[in-house]
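Peer 1: The structure's right below; bear with me while I get my questions together.
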2 protein chains.
Amino acid sequence: MSDASRPIAILGGTGPAGMGIALRWARAGETIIIGSRDAHRAQETADKIKERAGNQTRISGMDNAAACAAANTLVLTVPFESQAALLKQLKPAIRSGSILIDATVALAASVGGRASRTLGVWQGSSAQQAAELVPKGVNVVAAFHNLSAELLDGDDALDCDVIVCGDDPDASQIVRKLAAKIPGVRAIDGGKLENARILEQMTALLIGLNTRHKGHGGIRITGLPPQAYE
Amino acid sequence: MSDASRPIAILGGTGPAGMGIALRWARAGETIIIGSRDAHRAQETADKIKERAGNQTRISGMDNAAACAAANTLVLTVPFESQAALLKQLKPAIRSGSILIDATVALAASVGGRASRTLGVWQGSSAQQAAELVPKGVNVVAAFHNLSAELLDGDDALDCDVIVCGDDPDASQIVRKLAAKIPGVRAIDGGKLENARILEQMTALLIGLNTRHKGHGGIRITGLPPQAYE
């Protein structure tokens with residue numbers, strides 16, 4: 001189960017979404033490892049987060065492979081065009097039994113198109129592509145697609161729900177509990193990993209709404225009974 | 001522009017979603033025509049709604065073709081498997097300059113699959129298929145996919161936003177104003193009709209959440225400035 005003794009590695013954690021999640025979880029008492037291609041840059045980002053979250057914060061920076069080896073909850077917050085290559089490269093470093101939280105979205109921007117449109121992914125979704133690329137015994141869980149990186153990387157509570165999709169119920173539950181540690185976030189079980197395709201599409205819609213209306217759009221799911229929300 | 005002198009025809013309006021929308025708009029003072037294959041059944045449904053919404057309510061029932069001829073705002077709330085055949089049949093009856101509001105979703109249930117999964121539609125979405133089938137000069141606007149039929153067909157305010165997508169800005173705005181007449185609903189401009197594919201996917205996700213959590217799920221979009229909401 002999720003506990004503070006189990007470090008969480010944020011792969012590609014020097015980008016705004018990764019930094020924002022790291023900041024929120026560091027504040028909540030989780031042990032965080034920022035992963036990056038460049039260990040030095042990872043350490044710089046970790047230092048910046050420590051400065052904001054307080055000196056008691058447990059956060060360090062490493063290259064992505066070292067981060068995988070040191071953690072068993074991994075979060076992937078890289079652009080879609082980097083996802084497959086990074087997972088292939090990290091495959092030997094990812095520990096069996098790990099959870100890989102995939103937050104990538106196959107935006108058309110990955111191939112020079114618009115961020116408000118998506119690419120079709122053969123496997124059905126970016127998360128399902130990730131599931132094909134991780135070592136056996138690693139559970140991929142899709143989540144965090146629809147949180148604004150700008151708002152995450154701030155100090156206010158969010159006004160968003162996180163829908164969590166995955167094929168392993170225990171792994172999904174761990175991720176829901178982690179999501180609910182972000183102030184203002186409620187986590188909802190969204191069923192199997194195949195449903196990630198819809199979460200990913202919703203990101204493109206929100207990006208379009210943000211451009212059109214100049215905001216930082218998020219979603220709340222209404223109308224479910226209280227026990228549906230973590 | 002939308003005004004009460006311009007009747008709104010709800011095609012396939014004897015189903016729960018159509019009845020619910022009709023009820024809400026009738027209460028808001030709109031003139032409603034229930035359309036159905038069977039004029040007698042349409043009239044019965046109109047009478048039922050009148051009973052609930054009050055005797056001053058302007059609502060009548062006709063067969064679908066007569067309803068099209070008598071209105072210039074049309075709402076399509078039929079199952080996806082009936083959409084193309086119905087639009088082909090009604091093509092001669094639909095008046096040029098009409099707005100067709102498409103709320104259909106290509107659920108896999110249309111071909112015996114699950115209602116929490118969708119079919120791929122060649123044109124990109126059910127709404128874009130509709131746009132191909134209507135006469136020239138008719139603007140298709142996608143909306144109302146994500147409102148629970150059960151909640152619509154009740155008396156309480158909804159806790160849902162309606163994202164409206166369409167290629168004609170004036171038609172989209174008329175539909176946003178109509179959406180905002182449903183108590184509790186805020187309407188949001190979601191851009192071009194092609195974005196309907198995402199709204200349609202979201203319905204499948206909500207259906208899955210409803211099954212999993214036993215609720216009547218809806219969505220709210222957070223984080224946009226006040227002027228984004230109608």
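Identifiers in the structure tokens: chain A, B, ... in order shown; residue index from 1 per chain; ligand index from 1 in order shown.
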Taking 4 positions as the minimum chain separation for residues in the same chain, which residues sit within 7 Å of region 167-170 of chain A when counting only C-alpha atoms? Answer as an MDAnalysis selection string.

Peer 2: chainID A and resid 139 174 192:193

Peer 1: Next, dump the selected residues to file, keeping only C-alpha atoms, as a CSV table (one decimal), in the first residue's frame.

Peer 2:
```
chain,number,residue,atom,x,y,z
A,139,ASN,CA,0.9,-2.5,-13.3
A,174,ILE,CA,-3.1,3.0,-4.3
A,192,LYS,CA,-10.2,-0.7,-16.7
A,193,LEU,CA,-7.1,0.7,-18.3
```

Peer 1: Considering only C-alpha atoms, return as number ranges by chain whatever protein or nucleic-acid residues lie within 10 Å of Val111 (chain B), sequence-local ones (same chain, fewer than 6 positions apart) excluded.

Peer 2: B: 80-81, 119

Peer 1: Based on the selection just made, write N, CA and C atoms of those residues as a PDB file, in the first residue's frame.

Peer 2:
```pdb
ATOM      1  N   PHE B  80     -28.156   5.743 -31.587  1.00  0.00           N
ATOM      2  CA  PHE B  80     -27.289   5.906 -32.753  1.00  0.00           C
ATOM      3  C   PHE B  80     -27.715   5.038 -33.930  1.00  0.00           C
ATOM      4  N   GLU B  81     -28.150   3.817 -33.639  1.00  0.00           N
ATOM      5  CA  GLU B  81     -28.499   2.905 -34.735  1.00  0.00           C
ATOM      6  C   GLU B  81     -29.712   3.386 -35.528  1.00  0.00           C
ATOM      7  N   LEU B 119     -18.339   3.105 -30.626  1.00  0.00           N
ATOM      8  CA  LEU B 119     -17.932   2.678 -31.961  1.00  0.00           C
ATOM      9  C   LEU B 119     -17.143   3.813 -32.611  1.00  0.00           C
TER      10      LEU B 119
END
```

Peer 1: At a cut-off of 6 Å, which residues of chain B touch chain A? Count only C-alpha atoms and give the answer as a list in words.

Peer 2: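 Residues of chain B within 6 Å of chain A, counting only C-alpha atoms: His213, Gly215, His216, Gly217, Gly218, Ile219, Arg220, Ile221, Thr222, Gly223, Leu224 and Ala228 of chain B.
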
Peer 1: Taking the backbone alone, and naming residues the way the document does, which bits of region 2-224 of chain A are strand (DSSP E) by DSSP, as a PyMOL selection string?

Peer 2: chain A and resi 8-11+32-36+59-63+73-76+99-102+139-142+161-166+186-189+218-222

Peer 1: Neighbours of Ile101 (chain B) within 8 Å (only C-alpha atoms; same-chain residues fewer than 4 positions away dropped), as a list in words?

Peer 2: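 That gives Thr73, Leu74, Val75, Leu76, Val140, Val141, Ala142, Ala143 and Val175 of chain B.
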
Peer 1: Could you give me, as a PyMOL selection string, the residues within 9 Å of Leu133 (chain B), counting only C-alpha atoms and dropping anything in the same chain fewer than 4 positions from it?

Peer 2: chain B and resi 84+87-88+91+128-129

Peer 1: Since we have the selection now, will you write its residues out, keeping all heavy atoms, as an mmCIF file, in the first residue's frame?

Peer 2:
```
data_model
loop_
_atom_site.group_PDB
_atom_site.id
_atom_site.type_symbol
_atom_site.label_atom_id
_atom_site.label_comp_id
_atom_site.auth_asym_id
_atom_site.auth_seq_id
_atom_site.Cartn_x
_atom_site.Cartn_y
_atom_site.Cartn_z
ATOM 1 N N ALA B 84 -29.048 7.572 -38.693
ATOM 2 C CA ALA B 84 -28.860 7.789 -40.136
ATOM 3 C C ALA B 84 -30.160 7.542 -40.898
ATOM 4 O O ALA B 84 -30.561 8.348 -41.751
ATOM 5 C CB ALA B 84 -27.736 6.897 -40.660
ATOM 6 N N LEU B 87 -32.604 10.429 -40.316
ATOM 7 C CA LEU B 87 -32.240 11.675 -41.005
ATOM 8 C C LEU B 87 -32.467 11.562 -42.508
ATOM 9 O O LEU B 87 -32.917 12.517 -43.148
ATOM 10 C CB LEU B 87 -30.791 12.058 -40.697
ATOM 11 C CG LEU B 87 -30.557 12.624 -39.289
ATOM 12 C CD1 LEU B 87 -29.078 12.902 -39.061
ATOM 13 C CD2 LEU B 87 -31.377 13.914 -39.065
ATOM 14 N N LYS B 88 -32.199 10.401 -43.075
ATOM 15 C CA LYS B 88 -32.460 10.208 -44.515
ATOM 16 C C LYS B 88 -33.946 10.338 -44.805
ATOM 17 O O LYS B 88 -34.361 10.987 -45.756
ATOM 18 C CB LYS B 88 -31.939 8.844 -44.975
ATOM 19 C CG LYS B 88 -30.416 8.813 -45.145
ATOM 20 C CD LYS B 88 -29.921 7.413 -45.470
ATOM 21 C CE LYS B 88 -28.406 7.329 -45.300
ATOM 22 N NZ LYS B 88 -27.913 5.944 -45.340
ATOM 23 N N LYS B 91 -35.114 14.042 -44.419
ATOM 24 C CA LYS B 91 -34.414 15.070 -45.196
ATOM 25 C C LYS B 91 -35.367 16.006 -45.957
ATOM 26 O O LYS B 91 -35.205 17.228 -45.898
ATOM 27 C CB LYS B 91 -33.405 14.410 -46.148
ATOM 28 C CG LYS B 91 -32.384 15.389 -46.701
ATOM 29 C CD LYS B 91 -31.229 14.664 -47.374
ATOM 30 C CE LYS B 91 -30.214 15.689 -47.872
ATOM 31 N NZ LYS B 91 -29.057 15.048 -48.532
ATOM 32 N N GLN B 128 -21.001 14.533 -36.551
ATOM 33 C CA GLN B 128 -20.481 14.807 -37.891
ATOM 34 C C GLN B 128 -21.156 13.931 -38.932
ATOM 35 O O GLN B 128 -21.330 14.338 -40.076
ATOM 36 C CB GLN B 128 -18.963 14.619 -37.903
ATOM 37 C CG GLN B 128 -18.236 15.757 -37.172
ATOM 38 C CD GLN B 128 -16.801 15.385 -36.855
ATOM 39 O OE1 GLN B 128 -16.536 14.547 -35.986
ATOM 40 N NE2 GLN B 128 -15.863 15.979 -37.565
ATOM 41 N N GLN B 129 -21.558 12.734 -38.536
ATOM 42 C CA GLN B 129 -22.361 11.916 -39.456
ATOM 43 C C GLN B 129 -23.687 12.624 -39.736
ATOM 44 O O GLN B 129 -24.133 12.691 -40.891
ATOM 45 C CB GLN B 129 -22.613 10.526 -38.852
ATOM 46 C CG GLN B 129 -23.590 9.698 -39.689
ATOM 47 C CD GLN B 129 -23.665 8.237 -39.253
ATOM 48 O OE1 GLN B 129 -22.750 7.463 -39.496
ATOM 49 N NE2 GLN B 129 -24.755 7.873 -38.597
#
```

Peer 1: Which of these, A:Ile49, A:Leu152, A:Ala67, A:Val164, has the shortest distance to Ala187 (chain A) once you count only C-alpha atoms?

Peer 2: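 Checking each of A:Ile49, A:Leu152, A:Ala67, A:Val164 against Ala187 (chain A), counting only C-alpha atoms, the winner is A:Val164.
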
Peer 1: Enumerate, as a PyMOL selection string, the complete set of residues in region 92-155 of chain B that a backbone-based DSSP assignment places in helix (DSSP H, G or I).

Peer 2: chain B and resi 108-111+126-133+149-152

Peer 1: So which one's closest to Ala85 (chain A), A:Ala17, A:Ala130, A:Arg186, A:Arg24? Using only C-alpha atoms, please.

Peer 2: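 Ranked by minimum distance to Ala85 (chain A), first place goes to A:Ala130.
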
Peer 1: Residues near Ala71 (chain A), anyone? I mean within 6 Å using only C-alpha atoms, not counting same-chain ones fewer than 2 positions away, as a PyMOL selection string.

Peer 2: chain A and resi 7-9+68-69+73

Peer 1: May I have the selected residues written with all heavy atoms, as a compact mmCIF listing (two decimals), in the first residue's frame?

Peer 2:
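The resulting file, selection_39.txt, is shown below:
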```txt
# COMPACT_ATOMS: atom_id res chain seq x y z
N PRO A 7 9.21 5.40 -1.90
CA PRO A 7 9.40 6.62 -2.68
C PRO A 7 8.63 6.57 -4.00
O PRO A 7 8.42 5.50 -4.57
CB PRO A 7 10.91 6.65 -2.94
CG PRO A 7 11.52 5.53 -2.19
CD PRO A 7 10.43 4.57 -1.84
N ILE A 8 8.25 7.73 -4.43
CA ILE A 8 7.57 7.89 -5.72
C ILE A 8 8.52 8.60 -6.67
O ILE A 8 9.01 9.69 -6.35
CB ILE A 8 6.30 8.75 -5.57
CG1 ILE A 8 5.36 8.15 -4.52
CG2 ILE A 8 5.59 8.90 -6.91
CD1 ILE A 8 4.24 9.10 -4.11
N ALA A 9 8.79 7.98 -7.81
CA ALA A 9 9.67 8.61 -8.79
C ALA A 9 8.82 9.29 -9.86
O ALA A 9 7.93 8.67 -10.45
CB ALA A 9 10.57 7.57 -9.44
N CYS A 68 14.00 4.97 -11.19
CA CYS A 68 13.20 3.73 -11.29
C CYS A 68 13.70 2.68 -10.31
O CYS A 68 12.92 2.00 -9.64
CB CYS A 68 13.29 3.13 -12.69
SG CYS A 68 12.36 4.05 -13.92
N ALA A 69 15.00 2.55 -10.24
CA ALA A 69 15.59 1.51 -9.39
C ALA A 69 15.33 1.79 -7.92
O ALA A 69 15.29 0.87 -7.10
CB ALA A 69 17.09 1.41 -9.66
N THR A 73 6.82 3.20 -7.14
CA THR A 73 5.71 3.90 -7.78
C THR A 73 6.33 4.93 -8.71
O THR A 73 7.13 5.76 -8.27
CB THR A 73 4.81 4.60 -6.73
OG1 THR A 73 4.33 3.62 -5.82
CG2 THR A 73 3.63 5.27 -7.40
```

Peer 1: Please, what distance in Å, to one decimal, runs between CA of Ile34 (chain B) and CA of Ile21 (chain B)?

Peer 2: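 Computing the Euclidean distance for CA of Ile34 (chain B) and CA of Ile21 (chain B) yields 10.5 Å.
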
Peer 1: Expressed in Å to a single decimal, how great is the separation between CA of Val78 (chain B) and CA of Thr118 (chain B)?

Peer 2: 15.6 Å

Peer 1: Could you tell me which of B:Arg176, B:Arg52, B:His145, B:Arg37 comes closest to Val105 (chain B) if we count only C-alpha atoms?

Peer 2: B:His145

Peer 1: With only C-alpha atoms as the counted atoms, please give the residues lying no more than 10 Å from Gln56 (chain A), apart from itself and same-chain residues fewer than 2 positions off, as a list in words.

Peer 2: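 Close residues of Gln56 (chain A): Ala26, Arg27, Gly29, Lys50, Glu51, Ala53, Gly54, Arg58 and Ile59 of chain A.
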
Peer 1: Which is closer to Ala28 (chain B) than all the others in B:Arg6, B:Arg114, B:Arg41, B:Lys181, using only C-alpha atoms?

Peer 2: B:Lys181
